[in-house]
Structures are given as C-alpha cells and as structure tokens.
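Have a look at structure13.cif; it's mmCIF, C-alpha atoms and all ligand atoms:
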```cif
data_work
loop_
_atom_site.group_PDB
_atom_site.id
_atom_site.type_symbol
_atom_site.label_atom_id
_atom_site.label_comp_id
_atom_site.auth_asym_id
_atom_site.auth_seq_id
_atom_site.Cartn_x
_atom_site.Cartn_y
_atom_site.Cartn_z
ATOM 1 C CA MET A 144 12.926 -19.172 -10.548
ATOM 2 C CA ALA A 145 12.706 -16.766 -7.671
ATOM 3 C CA ASP A 146 10.008 -14.126 -7.817
ATOM 4 C CA LYS A 147 12.509 -11.325 -7.883
ATOM 5 C CA GLN A 148 14.099 -12.594 -11.109
ATOM 6 C CA LYS A 149 10.844 -13.292 -12.918
ATOM 7 C CA TYR A 150 10.588 -9.780 -14.350
ATOM 8 C CA LYS A 151 13.024 -7.770 -16.384
ATOM 9 C CA ARG A 152 14.299 -4.653 -14.683
ATOM 10 C CA SER A 153 12.405 -1.562 -15.588
ATOM 11 C CA LYS A 154 13.392 2.032 -15.000
ATOM 12 C CA GLN A 155 9.760 3.038 -14.682
ATOM 13 C CA ARG A 156 9.062 0.330 -12.127
ATOM 14 C CA GLU A 157 12.076 1.395 -10.079
ATOM 15 C CA ARG A 158 10.765 4.949 -10.023
ATOM 16 C CA ILE A 159 7.281 3.806 -9.010
ATOM 17 C CA TYR A 160 8.856 1.874 -6.170
ATOM 18 C CA SER A 161 11.048 4.730 -4.968
ATOM 19 C CA LEU A 162 8.135 7.143 -5.227
ATOM 20 C CA LEU A 163 5.975 4.859 -3.073
ATOM 21 C CA CYS A 164 8.790 4.535 -0.537
ATOM 22 C CA SER A 165 9.211 8.297 -0.381
ATOM 23 C CA THR A 166 5.630 9.090 0.597
ATOM 24 C CA LYS A 167 3.442 8.216 3.548
ATOM 25 C CA ASP A 168 0.268 9.228 1.743
ATOM 26 C CA HIS A 169 -0.682 5.768 0.419
ATOM 27 C CA PRO A 170 -1.362 7.156 -3.057
ATOM 28 C CA THR A 171 -3.540 5.858 -5.863
ATOM 29 C CA ALA A 172 -2.210 4.633 -9.214
ATOM 30 C CA THR A 173 -3.547 7.816 -10.806
ATOM 31 C CA TRP A 174 -1.462 9.962 -8.472
ATOM 32 C CA ILE A 175 1.671 7.923 -9.256
ATOM 33 C CA TYR A 176 0.903 8.295 -12.938
ATOM 34 C CA SER A 177 0.576 12.072 -12.740
ATOM 35 C CA GLU A 178 3.837 12.355 -10.773
ATOM 36 C CA LEU A 179 5.867 10.187 -13.158
ATOM 37 C CA LYS A 180 4.314 11.540 -16.324
ATOM 38 C CA LYS A 181 6.680 14.513 -15.889
ATOM 39 C CA GLU A 182 9.676 12.168 -16.085
ATOM 40 C CA PHE A 183 8.500 9.648 -18.661
ATOM 41 C CA ASN A 184 6.468 11.440 -21.283
ATOM 42 C CA ASN A 185 5.303 8.246 -23.014
ATOM 43 C CA LEU A 186 4.086 6.713 -19.758
ATOM 44 C CA SER A 187 0.531 5.351 -19.741
ATOM 45 C CA LEU A 188 -1.738 4.630 -16.805
ATOM 46 C CA GLY A 189 -1.852 1.007 -17.980
ATOM 47 C CA THR A 190 1.941 0.766 -17.631
ATOM 48 C CA VAL A 191 1.704 2.164 -14.117
ATOM 49 C CA TYR A 192 -0.931 -0.438 -13.186
ATOM 50 C CA ARG A 193 1.088 -3.256 -14.734
ATOM 51 C CA ASN A 194 4.240 -2.275 -12.841
ATOM 52 C CA ILE A 195 2.322 -1.803 -9.605
ATOM 53 C CA ASN A 196 0.918 -5.321 -9.962
ATOM 54 C CA ILE A 197 4.437 -6.671 -10.481
ATOM 55 C CA LEU A 198 5.675 -4.847 -7.355
ATOM 56 C CA VAL A 199 2.746 -6.263 -5.364
ATOM 57 C CA ASP A 200 3.545 -9.719 -6.751
ATOM 58 C CA GLN A 201 7.186 -9.259 -5.695
ATOM 59 C CA LYS A 202 5.911 -8.253 -2.227
ATOM 60 C CA LYS A 203 7.849 -4.983 -2.435
ATOM 61 C CA ILE A 204 4.724 -2.897 -1.949
ATOM 62 C CA GLN A 205 1.246 -3.624 -0.652
ATOM 63 C CA ARG A 206 -2.167 -2.941 -2.070
ATOM 64 C CA LEU A 207 -4.678 -1.457 0.335
ATOM 65 C CA GLN A 208 -8.115 -2.361 -0.907
ATOM 66 C CA SER A 209 -10.494 0.237 0.366
ATOM 67 C CA GLY A 210 -14.008 -0.834 -0.480
ATOM 68 C CA SER A 211 -15.681 1.333 -3.069
ATOM 69 C CA SER A 212 -12.865 3.818 -3.633
ATOM 70 C CA PHE A 213 -9.690 3.284 -5.648
ATOM 71 C CA ASP A 214 -6.933 0.986 -4.486
ATOM 72 C CA ARG A 215 -4.181 2.755 -2.620
ATOM 73 C CA PHE A 216 -0.586 1.584 -2.431
ATOM 74 C CA ASP A 217 1.976 1.429 0.355
ATOM 75 C CA GLY A 218 5.745 1.148 -0.018
ATOM 76 C CA ASN A 219 5.969 -0.120 3.548
ATOM 77 C CA VAL A 220 5.377 -3.883 3.662
ATOM 78 C CA GLU A 221 6.237 -4.293 7.340
ATOM 79 C CA THR A 222 3.214 -5.003 9.533
ATOM 80 C CA HIS A 223 1.698 -1.693 10.486
ATOM 81 C CA TYR A 224 -1.825 -0.470 11.070
ATOM 82 C CA HIS A 225 -3.718 2.274 9.338
ATOM 83 C CA PHE A 226 -6.097 4.976 10.386
ATOM 84 C CA ILE A 227 -8.544 5.820 7.626
ATOM 85 C CA CYS A 228 -10.493 9.055 7.778
ATOM 86 C CA GLU A 229 -14.061 8.370 6.715
ATOM 87 C CA LYS A 230 -14.553 11.963 5.647
ATOM 88 C CA CYS A 231 -11.489 12.954 3.601
ATOM 89 C CA GLY A 232 -10.239 9.430 2.852
ATOM 90 C CA LYS A 233 -6.760 10.089 4.241
ATOM 91 C CA ILE A 234 -4.862 6.914 5.184
ATOM 92 C CA GLU A 235 -2.235 7.322 7.880
ATOM 93 C CA ASP A 236 0.234 4.859 9.384
ATOM 94 C CA LEU A 237 -0.245 4.251 13.085
ATOM 95 C CA PRO A 238 3.221 4.126 14.635
ATOM 96 C CA CYS A 239 4.192 1.872 17.545
ATOM 97 C CA VAL A 240 0.964 -0.097 17.684
ATOM 98 C CA VAL A 241 1.464 -3.641 16.449
ATOM 99 C CA LEU A 242 0.045 -6.673 18.186
ATOM 100 C CA PRO A 243 1.901 -9.746 16.858
ATOM 101 C CA GLU A 244 0.055 -11.882 19.427
ATOM 102 C CA LEU A 245 -3.097 -11.493 17.329
ATOM 103 C CA ASN A 246 -1.636 -14.065 14.920
ATOM 104 C CA ALA A 247 -1.364 -16.555 17.766
ATOM 105 C CA VAL A 248 -4.962 -15.910 18.800
ATOM 106 C CA VAL A 249 -6.139 -16.750 15.295
ATOM 107 C CA ASN A 250 -3.880 -19.795 15.077
ATOM 108 C CA THR A 251 -5.140 -21.127 18.399
ATOM 109 C CA ASN A 252 -8.757 -20.674 17.406
ATOM 110 C CA THR A 253 -8.539 -22.030 13.870
ATOM 111 C CA GLY A 254 -5.464 -24.237 13.601
ATOM 112 C CA TYR A 255 -4.398 -22.139 10.638
ATOM 113 C CA HIS A 256 -0.907 -20.757 10.201
ATOM 114 C CA THR A 257 -1.151 -16.973 10.168
ATOM 115 C CA GLU A 258 1.792 -15.142 8.633
ATOM 116 C CA LYS A 259 0.605 -11.571 8.921
ATOM 117 C CA HIS A 260 -2.469 -9.511 9.551
ATOM 118 C CA ARG A 261 -3.773 -6.100 8.712
ATOM 119 C CA LEU A 262 -5.854 -3.810 10.834
ATOM 120 C CA ASP A 263 -7.616 -0.640 9.756
ATOM 121 C CA PHE A 264 -9.124 1.887 12.157
ATOM 122 C CA TYR A 265 -11.864 4.142 10.849
ATOM 123 C CA GLY A 266 -12.917 7.524 12.125
ATOM 124 C CA PHE A 267 -12.166 11.199 11.599
ATOM 125 C CA CYS A 268 -8.778 12.895 11.364
ATOM 126 C CA PHE A 269 -7.953 16.110 13.270
ATOM 127 C CA SER A 270 -9.032 18.519 10.565
ATOM 128 C CA CYS A 271 -12.227 16.606 9.786
ATOM 129 C CA SER A 272 -13.280 16.309 13.424
ATOM 130 C CA ALA A 273 -12.675 20.047 13.908
ATOM 131 C CA GLN A 274 -15.222 20.893 11.234
HETATM 132 ZN ZN ZN B 1 -10.112 13.648 7.368
HETATM 133 ZN ZN ZN B 2 0.945 2.286 5.517
#
```

Take the structure I supplied and represent it as structure tokens, if you would.
Ligand SMILES: [Zn+2]
Ligand SMILES: [Zn+2]
Amino acid sequence: MADKQKYKRSKQRERIYSLLCSTKDHPTATWIYSELKKEFNNLSLGTVYRNINILVDQKKIQRLQSGSSFDRFDGNVETHYHFICEKCGKIEDLPCVVLPELNAVVNTNTGYHTEKHRLDFYGFCFSCSAQ
C-alpha cells in the first residue's frame, strides 16, 4: 500500500498541513497546537504530535531537528537551506542558494547514493546583530 493511503484522512491533520504551508516561521508543535486549539476545542498536544509524525512519514512536511531546543517543522519539503539565528532561534529559508552538485561530491567520495541534503547556516539575524 502506498504511504499516502496508509492513514485515514483527518480534518485536523489537513489543517496542520495547511497551517505549516502558510507560514515561513518553521514553528514548533506547541505553536501549531495553540493556533489550532481555537478551531478544534478538544484538540490535544498529543494529537498534534501524532499527526505531525504522520505528515513527516508521508514526506509532506519536514522535521528540523535543532539540537537541544524543540523540533521545528517546515511545510516546504523542496531542498532549501536555512539560516538559524543563534540568539533568538529564528529559522529562515535562504532563497536561491541550492547546490545540487554537493550530492555528486558525496557520491564520488563515498560511493553512496545521495538523494538530498540539508544545510544550516548559523549566526545572527539583523535585529540580533544590531543589539
Ligand atoms: Zn536573531
Ligand atoms: Zn524552511
């Protein structure tokens, strides 16, 4: 059975997905929960996590593991790079900078078959470097 058919449709999951696609803020599960709590008054944080995991499994969204802090989620699954502010924790998409040839470099050096890669740049955003 194809991944996409493995799960029953869920109104809540559809809203989580559309919410993630409508923001560029790479939110946490807690943020999603507080947004959707207004719409679904019996929603629990556990339900949000479960649906997020299904969406990750279906490759409709991606999980951005960020070390010690909470996981953040991204409705954009195309290859794109992130800038992460080390002070305020903001995660921003970096437009127009993708280096597909990096996959080939890895393949040449390892013999592996790379399908995708992720790249995070760390530093300080405008408002944090102005302080
Ligand atoms: Zn910042
Ligand atoms: Zn992103």

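Nearest to ligand ZN 1 (chain B) of all the residues A:Thr253, A:Cys164, A:Leu262, A:Lys233 is A:Lys233, counting all atoms listed in the file.
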
Can you tell me which residues come within 12 Å of ligand ZN 2 (chain B) when counting all atoms listed in the file, ideally as a PyMOL selection string?
chain A and resi 163-170+204-207+215-227+233-238+261-263

Just the selected residues (C-alpha atoms), exported as a compact mmCIF listing (two decimals), keeping the file's coordinate frame, please.
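So out-v2.txt came out as:
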```
# COMPACT_ATOMS: atom_id res chain seq x y z
CA LEU A 163 5.98 4.86 -3.07
CA CYS A 164 8.79 4.54 -0.54
CA SER A 165 9.21 8.30 -0.38
CA THR A 166 5.63 9.09 0.60
CA LYS A 167 3.44 8.22 3.55
CA ASP A 168 0.27 9.23 1.74
CA HIS A 169 -0.68 5.77 0.42
CA PRO A 170 -1.36 7.16 -3.06
CA ILE A 204 4.72 -2.90 -1.95
CA GLN A 205 1.25 -3.62 -0.65
CA ARG A 206 -2.17 -2.94 -2.07
CA LEU A 207 -4.68 -1.46 0.34
CA ARG A 215 -4.18 2.76 -2.62
CA PHE A 216 -0.59 1.58 -2.43
CA ASP A 217 1.98 1.43 0.36
CA GLY A 218 5.74 1.15 -0.02
CA ASN A 219 5.97 -0.12 3.55
CA VAL A 220 5.38 -3.88 3.66
CA GLU A 221 6.24 -4.29 7.34
CA THR A 222 3.21 -5.00 9.53
CA HIS A 223 1.70 -1.69 10.49
CA TYR A 224 -1.82 -0.47 11.07
CA HIS A 225 -3.72 2.27 9.34
CA PHE A 226 -6.10 4.98 10.39
CA ILE A 227 -8.54 5.82 7.63
CA LYS A 233 -6.76 10.09 4.24
CA ILE A 234 -4.86 6.91 5.18
CA GLU A 235 -2.24 7.32 7.88
CA ASP A 236 0.23 4.86 9.38
CA LEU A 237 -0.24 4.25 13.08
CA PRO A 238 3.22 4.13 14.64
CA ARG A 261 -3.77 -6.10 8.71
CA LEU A 262 -5.85 -3.81 10.83
CA ASP A 263 -7.62 -0.64 9.76
```

Resolved residues for the PyMOL selection byres (((chain A and resi 157) around 12) and not hetatm) as number ranges by chain:
A: 151-156, 158-164, 179, 191, 194-195, 197-198, 203-204, 218

Could you turn the residues from that selection into a file that holds C-alpha atoms, as a PDB file, in the frame of the given file?
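Output file part_39.pdb is given in full below:
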```pdb
ATOM      1  CA  LYS A 151      13.024  -7.770 -16.384  1.00  0.00           C
ATOM      2  CA  ARG A 152      14.299  -4.653 -14.683  1.00  0.00           C
ATOM      3  CA  SER A 153      12.405  -1.562 -15.588  1.00  0.00           C
ATOM      4  CA  LYS A 154      13.392   2.032 -15.000  1.00  0.00           C
ATOM      5  CA  GLN A 155       9.760   3.038 -14.682  1.00  0.00           C
ATOM      6  CA  ARG A 156       9.062   0.330 -12.127  1.00  0.00           C
ATOM      7  CA  ARG A 158      10.765   4.949 -10.023  1.00  0.00           C
ATOM      8  CA  ILE A 159       7.281   3.806  -9.010  1.00  0.00           C
ATOM      9  CA  TYR A 160       8.856   1.874  -6.170  1.00  0.00           C
ATOM     10  CA  SER A 161      11.048   4.730  -4.968  1.00  0.00           C
ATOM     11  CA  LEU A 162       8.135   7.143  -5.227  1.00  0.00           C
ATOM     12  CA  LEU A 163       5.975   4.859  -3.073  1.00  0.00           C
ATOM     13  CA  CYS A 164       8.790   4.535  -0.537  1.00  0.00           C
ATOM     14  CA  LEU A 179       5.867  10.187 -13.158  1.00  0.00           C
ATOM     15  CA  VAL A 191       1.704   2.164 -14.117  1.00  0.00           C
ATOM     16  CA  ASN A 194       4.240  -2.275 -12.841  1.00  0.00           C
ATOM     17  CA  ILE A 195       2.322  -1.803  -9.605  1.00  0.00           C
ATOM     18  CA  ILE A 197       4.437  -6.671 -10.481  1.00  0.00           C
ATOM     19  CA  LEU A 198       5.675  -4.847  -7.355  1.00  0.00           C
ATOM     20  CA  LYS A 203       7.849  -4.983  -2.435  1.00  0.00           C
ATOM     21  CA  ILE A 204       4.724  -2.897  -1.949  1.00  0.00           C
ATOM     22  CA  GLY A 218       5.745   1.148  -0.018  1.00  0.00           C
TER      23      GLY A 218
END
```

Selection near Gln274 in chain A, 12 Å with all atoms listed in the file, sequence-local residues under 6 positions removed, as an mmCIF file with C-alpha atoms, in the coordinates of the input:
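Okay, around.cif is ready:
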```cif
data_model
loop_
_atom_site.group_PDB
_atom_site.id
_atom_site.type_symbol
_atom_site.label_atom_id
_atom_site.label_comp_id
_atom_site.auth_asym_id
_atom_site.auth_seq_id
_atom_site.Cartn_x
_atom_site.Cartn_y
_atom_site.Cartn_z
ATOM 1 C CA LYS A 230 -14.553 11.963 5.647
ATOM 2 C CA CYS A 231 -11.489 12.954 3.601
ATOM 3 C CA PHE A 267 -12.166 11.199 11.599
ATOM 4 C CA CYS A 268 -8.778 12.895 11.364
#
```

Can you pull out the residues contacting Ala247 in chain A? Cut-off 12 Å, using only C-alpha atoms, and skip same-chain residues under 3 positions away; I want them as a PyMOL selection string.
chain A and resi 242-244+250-260

For each of A:Thr171, A:Leu245, A:Leu188, A:Gly232, take the minimum atom-to-atom distance to ligand ZN 1 (chain B), counting all atoms listed in the file, then give the residue where this is smallest.
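For ligand ZN 1 (chain B), the nearest of the given residues is A:Gly232.
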
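Minimum atom-to-atom distance to ligand ZN 1 (chain B), evaluated using only C-alpha atoms and all ligand atoms, belongs to A:Cys228 out of A:Val249, A:Cys228, A:Val241, A:Ala172.
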
Interatomic distance between CA of Gly266 in chain A and CA of Cys239 in chain A?
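Rounded to one decimal, the two atoms are 18.8 Å apart.
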
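Proximity to ligand ZN 1 (chain B) was assessed for A:Asn246, A:Thr190, A:Glu229, A:Tyr150 counting all atoms listed in the file; the smallest distance is recorded for A:Glu229.
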
Between CA of Ile175 in chain A and CA of Gln201 in chain A - distance in Å to one decimal:
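The value is 18.4 Å.
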
So how far away is CA of Trp174 in chain A from CA of Phe269 in chain A, in Å?
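Going from CA of Phe269 in chain A over to CA of Trp174 in chain A covers 23.5 Å.
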
Determine the nearest neighbour of Phe213 in chain A from the options A:Cys271, A:Thr173, A:Asn196, A:Phe264, counting only C-alpha atoms.
A:Thr173
